[in-house]
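Listing of input_5.cif; format and content: mmCIF, C-alpha atoms and all ligand atoms.
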```
data_target
#
loop_
_atom_site.label_atom_id
_atom_site.label_comp_id
_atom_site.auth_asym_id
_atom_site.auth_seq_id
_atom_site.Cartn_x
_atom_site.Cartn_y
_atom_site.Cartn_z
CA MET A 16 11.96 63.47 -16.62
CA ASN A 17 15.70 62.77 -16.83
CA ARG A 18 17.33 59.30 -17.10
CA LYS A 19 17.82 59.04 -13.33
CA ASN A 20 14.09 59.48 -12.68
CA TYR A 21 13.19 56.85 -15.31
CA LEU A 22 15.68 54.44 -13.72
CA PHE A 23 14.28 55.12 -10.25
CA LEU A 24 10.73 54.56 -11.54
CA ALA A 25 11.78 51.30 -13.22
CA VAL A 26 13.37 50.02 -10.00
CA ILE A 27 10.21 50.92 -8.01
CA CYS A 28 8.00 49.07 -10.54
CA LEU A 29 10.31 46.05 -10.42
CA LEU A 30 10.16 46.02 -6.63
CA ILE A 31 6.34 46.24 -6.67
CA PHE A 32 6.04 43.36 -9.17
CA SER A 33 8.55 41.26 -7.22
CA LEU A 34 6.65 41.91 -3.99
CA GLN A 35 3.39 40.94 -5.70
CA ALA A 36 4.98 37.75 -7.03
CA VAL A 37 6.29 36.84 -3.57
CA CYS A 38 2.91 37.55 -1.98
CA LEU A 39 1.13 35.53 -4.66
CA ALA A 40 3.56 32.66 -4.20
CA ALA A 41 3.13 32.79 -0.42
CA GLU A 42 -0.65 32.95 -0.80
CA THR A 43 -0.61 29.99 -3.20
CA ALA A 44 1.63 28.00 -0.88
CA ASP A 45 -0.81 28.74 1.95
CA THR A 46 -3.69 27.32 -0.08
CA LEU A 47 -1.84 24.19 -1.28
CA PRO A 48 -2.02 21.00 0.81
CA ASN A 49 1.10 19.87 2.69
CA VAL A 50 2.03 16.41 1.38
CA LYS A 51 4.89 14.26 2.67
CA ILE A 52 6.48 11.83 0.20
CA LEU A 53 7.97 8.78 1.95
CA ALA A 54 10.19 6.75 -0.39
CA THR A 55 10.89 3.03 0.02
CA GLY A 56 12.47 2.16 -3.38
CA GLY A 57 11.13 0.15 -6.30
CA THR A 58 11.01 0.71 -10.04
CA ILE A 59 9.65 4.23 -9.60
CA ALA A 60 13.15 4.96 -8.26
CA GLY A 61 14.83 2.68 -10.77
CA SER A 62 17.23 3.14 -13.67
CA GLY A 63 17.71 1.29 -16.94
CA ALA A 64 20.68 1.15 -19.32
CA THR A 65 18.73 2.54 -22.28
CA ASN A 66 15.44 4.32 -22.87
CA THR A 67 13.93 1.09 -24.12
CA THR A 68 14.92 -0.94 -21.06
CA THR A 69 11.72 -1.95 -19.27
CA VAL A 70 13.00 -5.25 -17.87
CA GLY A 71 16.45 -5.96 -16.48
CA TYR A 72 16.84 -2.46 -15.02
CA THR A 73 17.99 -1.64 -11.48
CA ALA A 74 15.23 -0.78 -9.00
CA ALA A 75 15.67 1.46 -5.96
CA VAL A 76 18.56 3.77 -6.94
CA THR A 77 17.05 7.29 -7.13
CA PRO A 78 16.73 9.14 -3.80
CA VAL A 79 13.47 10.81 -2.80
CA ASP A 80 14.67 14.39 -3.38
CA ALA A 81 15.61 13.50 -6.96
CA LEU A 82 12.21 11.84 -7.44
CA ILE A 83 10.59 15.12 -6.36
CA ASN A 84 12.92 17.31 -8.45
CA ASN A 85 12.25 15.13 -11.54
CA VAL A 86 8.58 16.19 -11.35
CA PRO A 87 8.65 19.98 -10.84
CA GLU A 88 4.87 20.04 -11.39
CA LEU A 89 4.46 18.56 -7.89
CA LYS A 90 5.08 22.00 -6.46
CA LYS A 91 2.04 23.37 -8.31
CA VAL A 92 -0.36 20.95 -6.58
CA ALA A 93 1.11 20.60 -3.08
CA ASN A 94 3.79 21.79 -0.70
CA VAL A 95 5.88 18.62 -0.92
CA SER A 96 8.84 17.38 1.08
CA GLY A 97 10.43 13.95 1.12
CA GLU A 98 11.88 11.36 3.49
CA GLN A 99 13.77 8.20 2.59
CA ILE A 100 12.33 5.35 4.67
CA SER A 101 14.28 2.65 2.77
CA GLN A 102 15.80 2.10 -0.66
CA ILE A 103 14.84 -1.46 -1.64
CA ALA A 104 13.30 -3.46 -4.40
CA SER A 105 10.04 -4.40 -2.78
CA GLU A 106 10.51 -8.19 -3.08
CA ASN A 107 12.89 -7.51 -0.19
CA MET A 108 10.31 -5.76 1.99
CA THR A 109 10.61 -6.65 5.69
CA ASN A 110 8.59 -6.36 8.90
CA GLU A 111 11.24 -3.90 10.09
CA VAL A 112 10.53 -1.51 7.20
CA TRP A 113 6.78 -1.98 7.61
CA LEU A 114 6.89 -1.05 11.30
CA LYS A 115 9.23 1.90 10.65
CA LEU A 116 6.96 3.12 7.83
CA GLY A 117 3.71 2.62 9.76
CA LYS A 118 5.02 4.40 12.86
CA ARG A 119 6.39 7.32 10.77
CA VAL A 120 3.08 7.68 8.89
CA ASN A 121 1.17 7.85 12.18
CA GLN A 122 3.65 10.34 13.62
CA LEU A 123 3.41 12.63 10.57
CA LEU A 124 -0.38 12.44 10.21
CA ALA A 125 -0.75 13.47 13.83
CA GLN A 126 0.87 16.79 12.85
CA ASP A 127 -1.49 19.63 11.84
CA ASP A 128 0.97 20.70 9.13
CA VAL A 129 0.67 17.38 7.25
CA ASP A 130 -2.46 16.94 5.13
CA GLY A 131 -1.61 13.68 3.38
CA ILE A 132 1.14 11.18 2.60
CA VAL A 133 2.42 9.56 -0.57
CA ILE A 134 4.49 6.39 -0.29
CA THR A 135 6.63 5.44 -3.30
CA HIS A 136 7.10 1.67 -3.42
CA GLY A 137 8.07 -1.26 -5.61
CA THR A 138 5.07 -2.94 -7.22
CA ASP A 139 5.92 -6.52 -6.23
CA THR A 140 4.72 -6.22 -2.62
CA LEU A 141 2.94 -2.88 -2.93
CA GLU A 142 -0.44 -4.52 -2.26
CA GLU A 143 0.86 -6.03 0.99
CA THR A 144 2.24 -2.75 2.33
CA ALA A 145 -0.96 -0.96 1.33
CA TYR A 146 -3.13 -3.48 3.21
CA PHE A 147 -0.81 -3.48 6.23
CA LEU A 148 -1.07 0.32 6.42
CA ASN A 149 -4.83 0.14 5.81
CA LEU A 150 -5.02 -1.80 9.09
CA VAL A 151 -2.52 0.17 11.23
CA VAL A 152 -2.72 3.86 10.17
CA LYS A 153 -4.56 5.82 12.88
CA SER A 154 -5.77 8.80 10.85
CA ASN A 155 -8.45 9.47 8.24
CA LYS A 156 -6.08 11.71 6.25
CA PRO A 157 -5.19 10.36 2.77
CA VAL A 158 -2.33 7.86 2.47
CA VAL A 159 -1.56 6.95 -1.16
CA VAL A 160 0.84 4.18 -2.17
CA VAL A 161 2.29 4.61 -5.65
CA GLY A 162 4.74 2.77 -7.87
CA SER A 163 5.51 2.28 -11.51
CA MET A 164 5.99 -0.58 -13.95
CA ARG A 165 8.67 1.19 -16.03
CA PRO A 166 11.80 2.91 -14.72
CA PRO A 167 11.98 6.71 -15.16
CA THR A 168 14.75 6.19 -17.77
CA ALA A 169 12.39 4.41 -20.19
CA MET A 170 10.29 5.93 -22.96
CA SER A 171 6.67 6.36 -21.79
CA ALA A 172 7.75 5.85 -18.21
CA ASP A 173 4.66 5.80 -15.96
CA GLY A 174 6.23 6.80 -12.65
CA MET A 175 6.33 10.58 -12.97
CA LEU A 176 2.63 10.93 -13.83
CA ASN A 177 1.74 8.31 -11.19
CA LEU A 178 3.66 10.32 -8.57
CA TYR A 179 2.08 13.58 -9.71
CA ARG A 180 -1.44 12.15 -9.46
CA ALA A 181 -0.75 10.36 -6.20
CA THR A 182 0.32 13.73 -4.77
CA ILE A 183 -2.90 15.37 -5.96
CA LEU A 184 -4.86 12.49 -4.40
CA ALA A 185 -2.99 12.73 -1.09
CA GLY A 186 -3.99 16.39 -0.92
CA SER A 187 -7.58 15.81 -2.00
CA LYS A 188 -10.44 16.22 0.48
CA ASP A 189 -12.32 13.50 -1.47
CA ALA A 190 -9.67 10.98 -0.41
CA ILE A 191 -10.22 11.61 3.31
CA GLY A 192 -11.67 8.66 5.22
CA LYS A 193 -11.32 6.11 2.39
CA GLY A 194 -8.52 4.07 3.93
CA VAL A 195 -5.12 3.57 2.34
CA LEU A 196 -5.29 4.06 -1.41
CA VAL A 197 -3.20 2.77 -4.32
CA MET A 198 -2.78 4.97 -7.39
CA LEU A 199 -1.24 3.80 -10.65
CA ASN A 200 -2.28 4.07 -14.27
CA ASP A 201 -4.99 6.71 -13.64
CA THR A 202 -6.84 4.25 -11.36
CA ILE A 203 -7.61 4.62 -7.65
CA HIS A 204 -7.79 1.37 -5.67
CA SER A 205 -8.46 0.37 -2.08
CA GLY A 206 -5.37 -1.00 -0.35
CA ARG A 207 -7.52 -3.91 0.82
CA ASP A 208 -8.84 -5.06 -2.56
CA VAL A 209 -6.04 -4.28 -5.03
CA THR A 210 -3.58 -6.90 -6.24
CA LYS A 211 -0.86 -7.11 -8.91
CA THR A 212 -2.29 -9.27 -11.71
CA ILE A 213 0.21 -8.99 -14.60
CA THR A 214 3.97 -9.39 -14.41
CA ASP A 215 5.03 -6.56 -16.68
CA ARG A 216 2.27 -4.20 -17.81
CA VAL A 217 1.23 -0.74 -16.59
CA ASP A 218 -2.38 -1.91 -16.11
CA THR A 219 -1.33 -4.64 -13.69
CA PHE A 220 -3.07 -3.37 -10.54
CA ARG A 221 -6.68 -4.52 -10.39
CA ALA A 222 -9.33 -5.46 -7.86
CA PRO A 223 -10.86 -8.44 -9.67
CA GLU A 224 -14.66 -8.79 -9.13
CA ILE A 225 -14.75 -5.70 -6.86
CA GLY A 226 -13.17 -3.02 -9.04
CA PRO A 227 -11.47 0.30 -8.36
CA LEU A 228 -12.74 3.05 -6.06
CA GLY A 229 -12.34 5.64 -8.81
CA PHE A 230 -10.21 7.15 -11.57
CA PHE A 231 -8.30 10.25 -12.58
CA THR A 232 -9.69 12.37 -15.38
CA GLY A 233 -6.92 14.84 -16.15
CA ASP A 234 -5.77 16.18 -12.79
CA GLN A 235 -9.11 15.41 -11.15
CA PRO A 236 -9.65 12.34 -8.96
CA VAL A 237 -13.20 10.97 -9.27
CA PHE A 238 -14.55 8.47 -6.71
CA TYR A 239 -17.48 6.15 -7.45
CA ARG A 240 -17.49 4.18 -4.21
CA ALA A 241 -15.91 3.90 -0.79
CA PRO A 242 -14.61 0.86 1.15
CA LEU A 243 -17.10 -0.80 3.52
CA ARG A 244 -14.70 -2.98 5.53
CA LYS A 245 -13.11 -1.52 8.70
CA HIS A 246 -9.84 0.34 8.12
CA THR A 247 -7.42 2.88 9.68
CA THR A 248 -9.04 4.56 12.68
CA ALA A 249 -11.72 1.84 12.96
CA THR A 250 -9.30 -1.05 13.48
CA GLU A 251 -8.11 -2.54 16.79
CA PHE A 252 -4.50 -2.93 15.62
CA ASP A 253 -1.82 -0.73 17.21
CA ILE A 254 1.82 -1.08 16.15
CA SER A 255 3.16 1.78 18.30
CA HIS A 256 4.52 -0.65 20.91
CA LEU A 257 5.60 -3.41 18.49
CA ASN A 258 9.21 -4.14 17.48
CA ASP A 259 8.34 -7.16 15.34
CA LEU A 260 5.35 -9.05 13.95
CA PRO A 261 4.31 -12.69 14.54
CA ARG A 262 5.73 -15.07 11.95
CA VAL A 263 3.06 -16.07 9.41
CA ASP A 264 3.84 -18.06 6.27
CA ILE A 265 1.90 -19.28 3.22
CA ALA A 266 1.68 -22.91 2.08
CA TYR A 267 0.61 -23.43 -1.53
CA HIS A 268 -1.51 -26.53 -2.29
CA TYR A 269 -1.17 -28.58 -5.51
CA ALA A 270 -1.74 -32.10 -6.76
CA ASN A 271 0.11 -34.82 -4.82
CA ASN A 272 1.00 -32.43 -1.99
CA THR A 273 1.86 -34.33 1.20
CA GLY A 274 2.09 -31.37 3.59
CA VAL A 275 5.88 -31.20 3.80
CA VAL A 276 5.83 -27.40 3.49
CA ILE A 277 3.48 -27.11 6.46
CA GLU A 278 5.81 -29.38 8.45
CA ALA A 279 8.76 -27.18 7.52
CA LEU A 280 6.94 -23.92 8.33
CA THR A 281 5.91 -25.31 11.71
CA ARG A 282 9.52 -26.28 12.43
CA ALA A 283 10.58 -22.76 11.37
CA GLY A 284 8.39 -21.31 14.11
CA ALA A 285 5.36 -20.04 12.19
CA LYS A 286 2.61 -18.82 14.55
CA GLY A 287 0.14 -18.80 11.69
CA ILE A 288 -0.05 -20.52 8.31
CA VAL A 289 -2.19 -19.34 5.42
CA HIS A 290 -3.15 -22.34 3.29
CA ALA A 291 -3.41 -21.32 -0.38
CA GLY A 292 -5.83 -24.07 -1.25
CA THR A 293 -7.08 -25.30 -4.60
CA GLY A 294 -10.55 -24.24 -5.73
CA ASN A 295 -12.63 -22.96 -2.83
CA GLY A 296 -9.74 -23.34 -0.40
CA SER A 297 -9.59 -27.13 -0.53
CA ILE A 298 -7.07 -29.03 1.62
CA GLY A 299 -5.63 -32.35 0.42
CA LYS A 300 -6.23 -35.39 2.68
CA ALA A 301 -2.47 -35.98 2.83
CA GLU A 302 -1.96 -32.53 4.38
CA TYR A 303 -4.07 -33.11 7.47
CA PRO A 304 -1.43 -34.89 9.61
CA ALA A 305 0.94 -31.94 9.15
CA ILE A 306 -1.86 -29.44 9.77
CA GLU A 307 -3.04 -31.14 12.95
CA ALA A 308 0.56 -31.42 14.20
CA ALA A 309 0.99 -27.69 13.56
CA GLN A 310 -2.21 -26.89 15.46
CA LYS A 311 -1.00 -28.98 18.41
CA GLN A 312 1.90 -26.51 18.54
CA GLY A 313 -0.52 -23.58 18.59
CA VAL A 314 -0.30 -22.66 14.91
CA VAL A 315 -3.46 -20.91 13.60
CA ILE A 316 -4.54 -22.09 10.13
CA VAL A 317 -6.32 -19.73 7.70
CA ARG A 318 -7.86 -21.17 4.57
CA SER A 319 -7.40 -18.99 1.51
CA ALA A 320 -7.18 -20.04 -2.14
CA ARG A 321 -4.50 -20.05 -4.80
CA VAL A 322 -7.14 -18.98 -7.36
CA GLY A 323 -6.93 -15.50 -5.84
CA ASN A 324 -10.56 -14.43 -6.20
CA GLY A 325 -13.91 -15.31 -4.67
CA ILE A 326 -15.16 -15.94 -1.14
CA ILE A 327 -13.77 -18.91 0.83
CA ALA A 328 -16.98 -20.45 2.18
CA ARG A 329 -16.67 -21.41 5.85
CA ASN A 330 -17.35 -25.16 6.25
CA GLY A 331 -17.43 -25.50 2.46
CA GLU A 332 -14.45 -27.55 1.23
CA ALA A 333 -13.26 -28.21 4.80
CA ASN A 334 -14.96 -28.68 8.18
CA ASP A 335 -13.74 -25.42 9.70
CA ASP A 336 -15.81 -25.89 12.85
CA LYS A 337 -14.31 -29.34 13.49
CA TYR A 338 -10.69 -28.37 12.68
CA ASN A 339 -10.78 -24.80 14.05
CA PHE A 340 -9.77 -23.34 10.68
CA VAL A 341 -10.34 -19.69 9.78
CA ALA A 342 -11.86 -18.96 6.35
CA SER A 343 -10.21 -15.91 4.73
CA ASP A 344 -13.43 -14.41 3.29
CA ASN A 345 -12.26 -12.97 -0.08
CA LEU A 346 -8.66 -12.15 0.91
CA ASN A 347 -6.04 -13.76 -1.33
CA PRO A 348 -3.19 -15.59 0.46
CA GLN A 349 -0.79 -12.63 0.62
CA LYS A 350 -3.50 -10.34 2.01
CA ALA A 351 -4.80 -12.99 4.44
CA ARG A 352 -1.23 -13.28 5.74
CA ILE A 353 -1.16 -9.55 6.62
CA LEU A 354 -4.43 -9.72 8.55
CA LEU A 355 -3.42 -12.94 10.33
CA MET A 356 -0.09 -11.39 11.40
CA LEU A 357 -1.89 -8.41 12.95
CA ALA A 358 -4.67 -10.60 14.39
CA LEU A 359 -2.02 -12.66 16.20
CA THR A 360 -0.82 -9.48 17.95
CA LYS A 361 -4.24 -9.51 19.66
CA THR A 362 -5.28 -13.19 19.99
CA ASN A 363 -4.62 -16.75 18.78
CA ASN A 364 -8.24 -17.78 19.22
CA PRO A 365 -9.52 -18.98 15.81
CA GLN A 366 -13.09 -17.88 16.52
CA GLU A 367 -11.98 -14.35 17.37
CA ILE A 368 -9.71 -14.27 14.33
CA GLN A 369 -12.55 -15.50 12.09
CA LYS A 370 -14.56 -12.48 13.24
CA MET A 371 -11.71 -10.19 12.18
CA PHE A 372 -11.67 -11.76 8.69
CA TRP A 373 -15.32 -10.90 8.38
CA GLU A 374 -14.80 -7.30 9.57
CA TYR A 375 -11.57 -6.12 7.91
N1 LIG B 401 11.80 -5.35 -8.05
C1 LIG B 401 10.42 -4.93 -8.22
C2 LIG B 401 9.96 -4.14 -6.99
O1 LIG B 401 10.74 -3.32 -6.49
C3 LIG B 401 10.27 -4.08 -9.43
C4 LIG B 401 8.85 -3.90 -9.73
C5 LIG B 401 8.42 -2.46 -9.57
O2 LIG B 401 8.77 -1.75 -8.62
O3 LIG B 401 7.60 -2.09 -10.41
O4 LIG B 401 8.82 -4.33 -6.58
#
```
Take the structure from the file and write it as structure tokens.
Amino acid sequence: MNRKNYLFLAVICLLIFSLQAVCLAAETADTLPNVKILATGGTIAGSGATNTTTVGYTAAVTPVDALINNVPELKKVANVSGEQISQIASENMTNEVWLKLGKRVNQLLAQDDVDGIVITHGTDTLEETAYFLNLVVKSNKPVVVVGSMRPPTAMSADGMLNLYRATILAGSKDAIGKGVLVMLNDTIHSGRDVTKTITDRVDTFRAPEIGPLGFFTGDQPVFYRAPLRKHTTATEFDISHLNDLPRVDIAYHYANNTGVVIEALTRAGAKGIVHAGTGNGSIGKAEYPAIEAAQKQGVVIVRSARVGNGIIARNGEANDDKYNFVASDNLNPQKARILLMLALTKTNNPQEIQKMFWEY
């Protein structure tokens, strides 16, 4: 054969290989789950001055497309695309962002071409957003909230691997029907039970007493239990018609407290107040005048506890029947606030709300 024939043969072979590669890529893409990444901000999108800066960095600066491009491995586990819902440090989370996020999640999950959603989020209020979504998402497809404790610029940053694993989880059939999940530090938590327990360490997210739902081993999510309380499609809460949420605040109890915070919250227009009581949700005698004045203005009082763990016994440290209080079951104050806000979109009857605290 002359040179021309060899060249022609080489071009044909190249074309065949290229075609095979394209077909393989297309086939792979067809088999990968379609995962949407909705970004809200936080440390996972943060930036520090040096690679040893793990405090004093700037949160919420990297846009979602850069987050995705910084972890090219995402494309091996899912067909990913991103949307920027907000770009905030999560201590600044608002009802407006929650409603925008919840409505967008429901809109996307109603699409056949979306198999799961990852939400990147600051860790400060991550547990609140996760529980809010656990109560308002109307799909059993996986929704995984993920954050990081170190900015991507730091040595041993945790965000990239957290995002990679959250994406695997959002595309995993095992995650279907388990409510909104939280994934950091190789651990899979329920959005209802998880809470931030340590100010500055990667193992901060825990579900004290109850524990995680499962863990990652390598790239494999492993579940050991599933949530029992009502969530997502089983809840009565519908945000599709809402443009705001009822105002609910938290009043912390402590020695020598005279109830001035409750007076102030009532004046500010709170429709519900979560009392973060001492011990088993105890209320100080000096607080009762402010509490009863609030109730006269229609404010619903939920008894939770500043200790953060354990069940608030109804009619234990307070006569809930007499005072029409709601006991928060085992929800800490910040979680009880989320449920009370949504409950007040349905009713302000304490008995009906108490039932919700025993169901969700
Ligand atoms: N400002 C905090 C926040 O956005 C940083 C904590 C974090 O995201 O890990 O929640």
Taking only C-alpha atoms and all ligand atoms into account, list the residues no farther than 9 Å from ligand LIG 401 (chain B), as a PyMOL selection string.
chain A and resi 56-61+70+72-75+103-108+136-141+162-166+214-215+217
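Atom CA of A:Val158 is found 14.3 Å from atom CA of A:Ala93.
Residue nearest A:Leu354, chosen from A:Arg216, A:His204, A:Lys19, A:Arg262 and counting only C-alpha atoms: A:Arg262.
Separating atom CA of A:Gly292 from atom CA of A:Lys245 is a distance of 25.7 Å.
Atom CA of A:Leu176 lies 20.1 Å from atom CA of A:Lys188.
Near A:Val50, within a cut-off of 7 Å and counting only C-alpha atoms, sit the residues Ala93, Asn94, Val95, Ser96, Val129, Asp130, Gly131, Ile132, Thr182, Ala185 and Gly186 of chain A, with same-chain residues fewer than 4 positions away left out.
For the choices A:Met198, A:Gln310, A:Val26, A:Ser255, the atom-to-atom distance to A:Asn177 is smallest for A:Met198 when using all atoms listed in the file.
Closest to A:Ala320 among A:Lys350, A:Lys91, A:Lys370, A:Lys156 is A:Lys350, based on all atoms listed in the file.
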Hey, what's within 7 Å of stretch 168-174 of chain A if we count all atoms listed in the file and toss same-chain stuff fewer than 5 positions away? As an mmCIF file with C-alpha atoms, keeping the file's coordinate frame, please?
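Result went into selection_7.cif, see below:
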```cif
data_model
loop_
_atom_site.group_PDB
_atom_site.id
_atom_site.type_symbol
_atom_site.label_atom_id
_atom_site.label_comp_id
_atom_site.auth_asym_id
_atom_site.auth_seq_id
_atom_site.Cartn_x
_atom_site.Cartn_y
_atom_site.Cartn_z
ATOM 1 C CA ILE A 59 9.650 4.230 -9.600
ATOM 2 C CA SER A 62 17.230 3.140 -13.670
ATOM 3 C CA GLY A 63 17.710 1.290 -16.940
ATOM 4 C CA THR A 65 18.730 2.540 -22.280
ATOM 5 C CA ASN A 66 15.440 4.320 -22.870
ATOM 6 C CA THR A 67 13.930 1.090 -24.120
ATOM 7 C CA THR A 68 14.920 -0.940 -21.060
ATOM 8 C CA THR A 69 11.720 -1.950 -19.270
ATOM 9 C CA GLY A 162 4.740 2.770 -7.870
ATOM 10 C CA SER A 163 5.510 2.280 -11.510
#
```
Can you tell me, as a PyMOL selection string, what residues are no more than 12 Å from A:Ala81 when counting all atoms listed in the file, ignoring any on the same chain fewer than 3 positions away?
chain A and resi 52+54+59-61+76-78+84-87+96-99+167+175
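Minimum atom-to-atom distance to A:Asn271, evaluated using all atoms listed in the file, belongs to A:Gly299 out of A:Pro236, A:Pro348, A:Gly331, A:Gly299.
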Counting all atoms listed in the file, give me one row per residue of stretch 228-304 of chain A with an atom at most 8 Å from an atom of stretch 312-315 of chain A, showing the shortest contact pair and its distance in Å to one decimal, sorted by chain then residue number, as a tab-separated table.
```
residue	atom	partner	partner_atom	distance
A:Thr281	CA	A:Val314	CA	7.5
A:Ala285	CA	A:Val314	CA	6.8
A:Lys286	CA	A:Val314	CA	4.8
A:Gly287	CA	A:Val315	CA	4.6
A:Ile288	CA	A:Val315	CA	6.3
```
So which residues are close to (-5.9, -26.4, 4.1), meaning at most 10 Å away in the file's coordinates with only C-alpha atoms counted, and can you show them as a count of residues only?
30
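Among A:Glu251, A:Ser205, A:Arg321, A:Gly194, the residue with the shortest atom-to-atom distance to A:Thr362, counting all atoms listed in the file, is A:Glu251.
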Name all residues at most 12 Å from A:Thr247 (count only C-alpha atoms; drop same-chain ones fewer than 5 positions away) and give them as a ChimeraX atom specification.
/A:117,120-121,124,145-158,191-196,206-207,242,252-254,375
Excluding same-chain residues fewer than 5 positions from A:Ile100, what lies within 9 Å of it counting only C-alpha atoms, as a ChimeraX atom specification?
/A:53-56,112,115-116,119
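Between A:Val263 and the candidates A:Ala25, A:Ala358, A:Ile31, A:Ile134, the tightest atom-to-atom separation, counting all atoms listed in the file, involves A:Ala358.
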Centre and edges of the stretch 268-273 of chain A box, axis-aligned, 8 Å extra per side, as lines of an AutoDock Vina configuration file:
```
center_x = 0.1
center_y = -30.7
center_z = -2.8
size_x = 19.6
size_y = 24.3
size_z = 24.0
```
Complete stretch 236-247 of chain A at the level of N, CA and C atoms, written as a PDB file, in the frame of the given file.
```pdb
ATOM      1  N   PRO A 236      -9.248  13.675  -9.417  1.00  0.00           N
ATOM      2  CA  PRO A 236      -9.650  12.340  -8.960  1.00  0.00           C
ATOM      3  C   PRO A 236     -11.164  12.264  -8.857  1.00  0.00           C
ATOM      4  N   VAL A 237     -11.742  11.153  -9.343  1.00  0.00           N
ATOM      5  CA  VAL A 237     -13.200  10.970  -9.270  1.00  0.00           C
ATOM      6  C   VAL A 237     -13.473   9.641  -8.584  1.00  0.00           C
ATOM      7  N   PHE A 238     -14.204   9.695  -7.452  1.00  0.00           N
ATOM      8  CA  PHE A 238     -14.550   8.470  -6.710  1.00  0.00           C
ATOM      9  C   PHE A 238     -15.959   8.029  -7.068  1.00  0.00           C
ATOM     10  N   TYR A 239     -16.145   6.704  -7.183  1.00  0.00           N
ATOM     11  CA  TYR A 239     -17.480   6.150  -7.450  1.00  0.00           C
ATOM     12  C   TYR A 239     -17.974   5.285  -6.311  1.00  0.00           C
ATOM     13  N   ARG A 240     -17.063   4.929  -5.369  1.00  0.00           N
ATOM     14  CA  ARG A 240     -17.490   4.180  -4.210  1.00  0.00           C
ATOM     15  C   ARG A 240     -16.450   4.317  -3.113  1.00  0.00           C
ATOM     16  N   ALA A 241     -16.817   3.824  -1.935  1.00  0.00           N
ATOM     17  CA  ALA A 241     -15.910   3.900  -0.790  1.00  0.00           C
ATOM     18  C   ALA A 241     -15.850   2.519  -0.138  1.00  0.00           C
ATOM     19  N   PRO A 242     -14.738   2.181   0.528  1.00  0.00           N
ATOM     20  CA  PRO A 242     -14.610   0.860   1.150  1.00  0.00           C
ATOM     21  C   PRO A 242     -15.628   0.701   2.274  1.00  0.00           C
ATOM     22  N   LEU A 243     -16.139  -0.523   2.446  1.00  0.00           N
ATOM     23  CA  LEU A 243     -17.100  -0.800   3.520  1.00  0.00           C
ATOM     24  C   LEU A 243     -16.417  -1.485   4.707  1.00  0.00           C
ATOM     25  N   ARG A 244     -15.341  -2.240   4.437  1.00  0.00           N
ATOM     26  CA  ARG A 244     -14.700  -2.980   5.530  1.00  0.00           C
ATOM     27  C   ARG A 244     -13.924  -2.004   6.428  1.00  0.00           C
ATOM     28  N   LYS A 245     -13.792  -2.370   7.726  1.00  0.00           N
ATOM     29  CA  LYS A 245     -13.110  -1.520   8.700  1.00  0.00           C
ATOM     30  C   LYS A 245     -11.663  -1.235   8.243  1.00  0.00           C
ATOM     31  N   HIS A 246     -11.230   0.006   8.456  1.00  0.00           N
ATOM     32  CA  HIS A 246      -9.840   0.340   8.120  1.00  0.00           C
ATOM     33  C   HIS A 246      -9.362   1.500   9.000  1.00  0.00           C
ATOM     34  N   THR A 247      -8.087   1.747   8.997  1.00  0.00           N
ATOM     35  CA  THR A 247      -7.420   2.880   9.680  1.00  0.00           C
ATOM     36  C   THR A 247      -7.972   3.111  11.089  1.00  0.00           C
TER      37      THR A 247
END
```
